[in-house]
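*Asks:* Here it is, the structure in full.
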Amino acid sequence: MAAVGILLAGCSNSDFQAETDYEIADFNYSNQDNEKVSLKDLEGKVWIADFIFTNCETVCPPMTFNLTKLQKELKKAGVEDYKIVSFSVDPEKDTPQALKEYISGYEADTGKWELLTGYKFEEIKDFAEHSFKTIVAKDPNSDQVIHQTSFFLVNQEGVVVKNYSGNSDVPYEEITSDMKTLIKEGSK
C-alpha cells in the first residue's frame with residue numbers, strides 16, 4: 001500500500017507545469033504585527049498570494065476562509081515550509097491593527113500568514129498590475145475596491161508560476177500538490 005502512495009506521489013509531482021512567469025517587483029511593506037516584510041524575506045519559500053481588504057462586503061471573507069481551509073489541507077499533507085501573503089487593496093483603512101483584527105476572526109495560522117499594508121493605493125494598484133497581471137481599482141459608486149479573486153502561486157525565486165480560483169471551486173488538492181512539488185524541487 002505504501003508503494004502505491006509513493007507511486008501516486010511520484011506521478012503528481014511530475015504533473016506540475018508553470019502556467020505563468022511573472023516576476024514580482026521588490027517590496028517592503030508592514031504586516032499585521034507592524035513588522036516589515038520584503039520580497040527578500042520570502043526568498044526560498046513557496047507562497048500563495050491574494051488581494052483583499054478588511055471592509056470588503058463580497059469576495060474577501062470567503063477568500064480568507066478558503067485560505068484557512070488551504071492551511072488545514074497543507075498541514076494534513078505535511079507541508080510546513082510555506083507562506084500566505086495577503087496584500088491589502090485598501091491600505092488607507094487597513095492599518096496593521098485592522099488587519100490583525102480581521103484575521104483574528106478566522107482560524108488562521110498567522111505564523112505562516114503575512115497580511116500586508118503600508119503603501120499608497122496607487123502603489124498597490126501598479127504592483128498588482130505589473131507583478132501579478134491583475135486589476136485593482138476603486139469602485140466609483142461605493143467604498144469598495146475591485147480586485148481579482150485568484151490565489152497566486154509564487155516560487156522560491158519570487159516568480160508567479162500559476163493562479164487558481166480563490167473564491168469558489170477552489171482546487172485545494174491541486175494547490176497542495178503544486179506547492180509540495182515546488183518545495184521538493186527547491187530542496188534539491
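Quick note on naming: the chains in the C-alpha cells go A, B, ... in the order shown, residues restart at 1 in each chain, and ligands are numbered from 1 in order of appearance.
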If we count only C-alpha atoms and set the cut-off at 7 Å, which residues sit around Asn155 of chain A, ignoring sequence neighbours fewer than 2 positions away in its own chain? Please answer as a PyMOL selection string.

*Replies:* chain A and resi 45-47+153+157-161+182

*Asks:* Identify all residues of segment 7-171 of chain A in helix (DSSP H, G or I) (DSSP on the backbone) and supply them as a ChimeraX atom specification.

*Replies:* /A:7-14,39-42,60-76,96-104,110-112,121-132

*Asks:* Give the answer as one residue: which of A:Gln17, A:Asn31, A:Thr58, A:Ser168 has the shortest atom-to-atom distance to Ile84 of chain A, using only C-alpha atoms?

*Replies:*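 Selected residue with least distance to Ile84 of chain A: A:Asn31.
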
*Asks:* Would you pick out the contacts of Gly105 of chain A at 12 Å or less, using only C-alpha atoms, so that residues sharing its chain but fewer than 4 positions from it are not included, and give the list as a PyMOL selection string?

*Replies:* chain A and resi 54+61+64-65+68+98-101+109-110

*Asks:* For Ser30 of chain A, which of A:Thr117, A:Glu92, A:Leu42, A:Ser86 is the closest residue, counting only C-alpha atoms?

*Replies:*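 That would be A:Thr117, the residue with the smallest distance to Ser30 of chain A.
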
*Asks:* Write out as a ChimeraX atom specification which residues come within 12 Å of Val154 of chain A when counting only C-alpha atoms, dropping same-chain ones fewer than 3 positions away.

*Replies:* /A:18-24,39,42-50,82-85,131-132,151,157-164,175,178-179,182-183

*Asks:* A:Ser104, A:Asn66, A:Asn55, A:Gln156: which is nearest Ser88 of chain A, counting only C-alpha atoms?

*Replies:* A:Asn55

*Asks:* What does the structure give for the distance between atom CA of Ile103 of chain A and atom CA of Val136 of chain A, in Å to one decimal?

*Replies:* 21.2 Å

*Asks:* For Ala128 of chain A, find every residue with an atom within 10 Å (counting only C-alpha atoms), except residues of its own chain fewer than 5 positions away, and show them as a list of chain:residue names.

*Replies:*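 Counting only C-alpha atoms, the residues come to A:Ile24, A:Ala25, A:Asp50, A:Phe51, A:Phe87, A:Val89, A:Glu122, A:Glu123, A:Lys133, A:Thr134, A:Ile135, A:Val136, A:His147, A:Gln148.
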
*Asks:* Quick one: everything within 8 Å of Leu67 of chain A, counting only C-alpha atoms, minus sequence neighbours fewer than 4 positions away in the same chain. Send it as a list in words.

*Replies:* Met63, Gln71 and Gly166 of chain A

*Asks:* How about saving the chosen residues, all heavy atoms kept, as an mmCIF file, in the first residue's frame?

*Replies:*
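result.cif, freshly written:
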data_model
loop_
_atom_site.group_PDB
_atom_site.id
_atom_site.type_symbol
_atom_site.label_atom_id
_atom_site.label_comp_id
_atom_site.auth_asym_id
_atom_site.auth_seq_id
_atom_site.Cartn_x
_atom_site.Cartn_y
_atom_site.Cartn_z
ATOM 1 N N MET A 63 -12.732 34.277 0.453
ATOM 2 C CA MET A 63 -11.348 34.007 0.043
ATOM 3 C C MET A 63 -10.469 33.736 1.267
ATOM 4 O O MET A 63 -9.669 32.805 1.273
ATOM 5 C CB MET A 63 -10.787 35.187 -0.756
ATOM 6 C CG MET A 63 -11.366 35.324 -2.149
ATOM 7 S SD MET A 63 -10.851 36.865 -2.955
ATOM 8 C CE MET A 63 -9.071 36.652 -3.047
ATOM 9 N N GLN A 71 -4.772 26.079 4.461
ATOM 10 C CA GLN A 71 -3.776 25.838 5.508
ATOM 11 C C GLN A 71 -4.004 24.482 6.165
ATOM 12 O O GLN A 71 -3.041 23.754 6.432
ATOM 13 C CB GLN A 71 -3.815 26.939 6.575
ATOM 14 C CG GLN A 71 -3.112 28.201 6.170
ATOM 15 C CD GLN A 71 -2.906 29.135 7.345
ATOM 16 O OE1 GLN A 71 -3.832 29.423 8.104
ATOM 17 N NE2 GLN A 71 -1.695 29.630 7.477
ATOM 18 N N GLY A 166 -9.887 31.540 -6.148
ATOM 19 C CA GLY A 166 -9.795 31.679 -4.698
ATOM 20 C C GLY A 166 -11.130 31.903 -4.022
ATOM 21 O O GLY A 166 -11.225 31.898 -2.803
#

*Asks:* Of the candidates A:His130, A:Gln32, A:Ile124, A:Ala77, which one gets nearest to Tyr172 of chain A if we count only C-alpha atoms?

*Replies:*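 Between A:His130, A:Gln32, A:Ile124, A:Ala77, the residue approaching Tyr172 of chain A most closely is A:Ala77.
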
*Asks:* Which residue gives the smallest distance to Phe121 of chain A among A:Asp90, A:Glu107, A:Asp139, A:Asp33, with only C-alpha atoms counted?

*Replies:* A:Asp90

*Asks:* To one decimal in Å, tell me the separation between atom CA of Asp94 of chain A and atom CA of Thr176 of chain A.

*Replies:*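 According to the coordinates, atom CA of Asp94 of chain A and atom CA of Thr176 of chain A are separated by 29.0 Å.
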
*Asks:* Please give the complete set of residues from segment 5-132 of chain A that DSSP, run on the backbone, assigns to strand (DSSP E or B), formatted as an NGL selection string.

*Replies:* :A and (22-23 or 28-30 or 36-38 or 46-52 or 82-88 or 113-117)
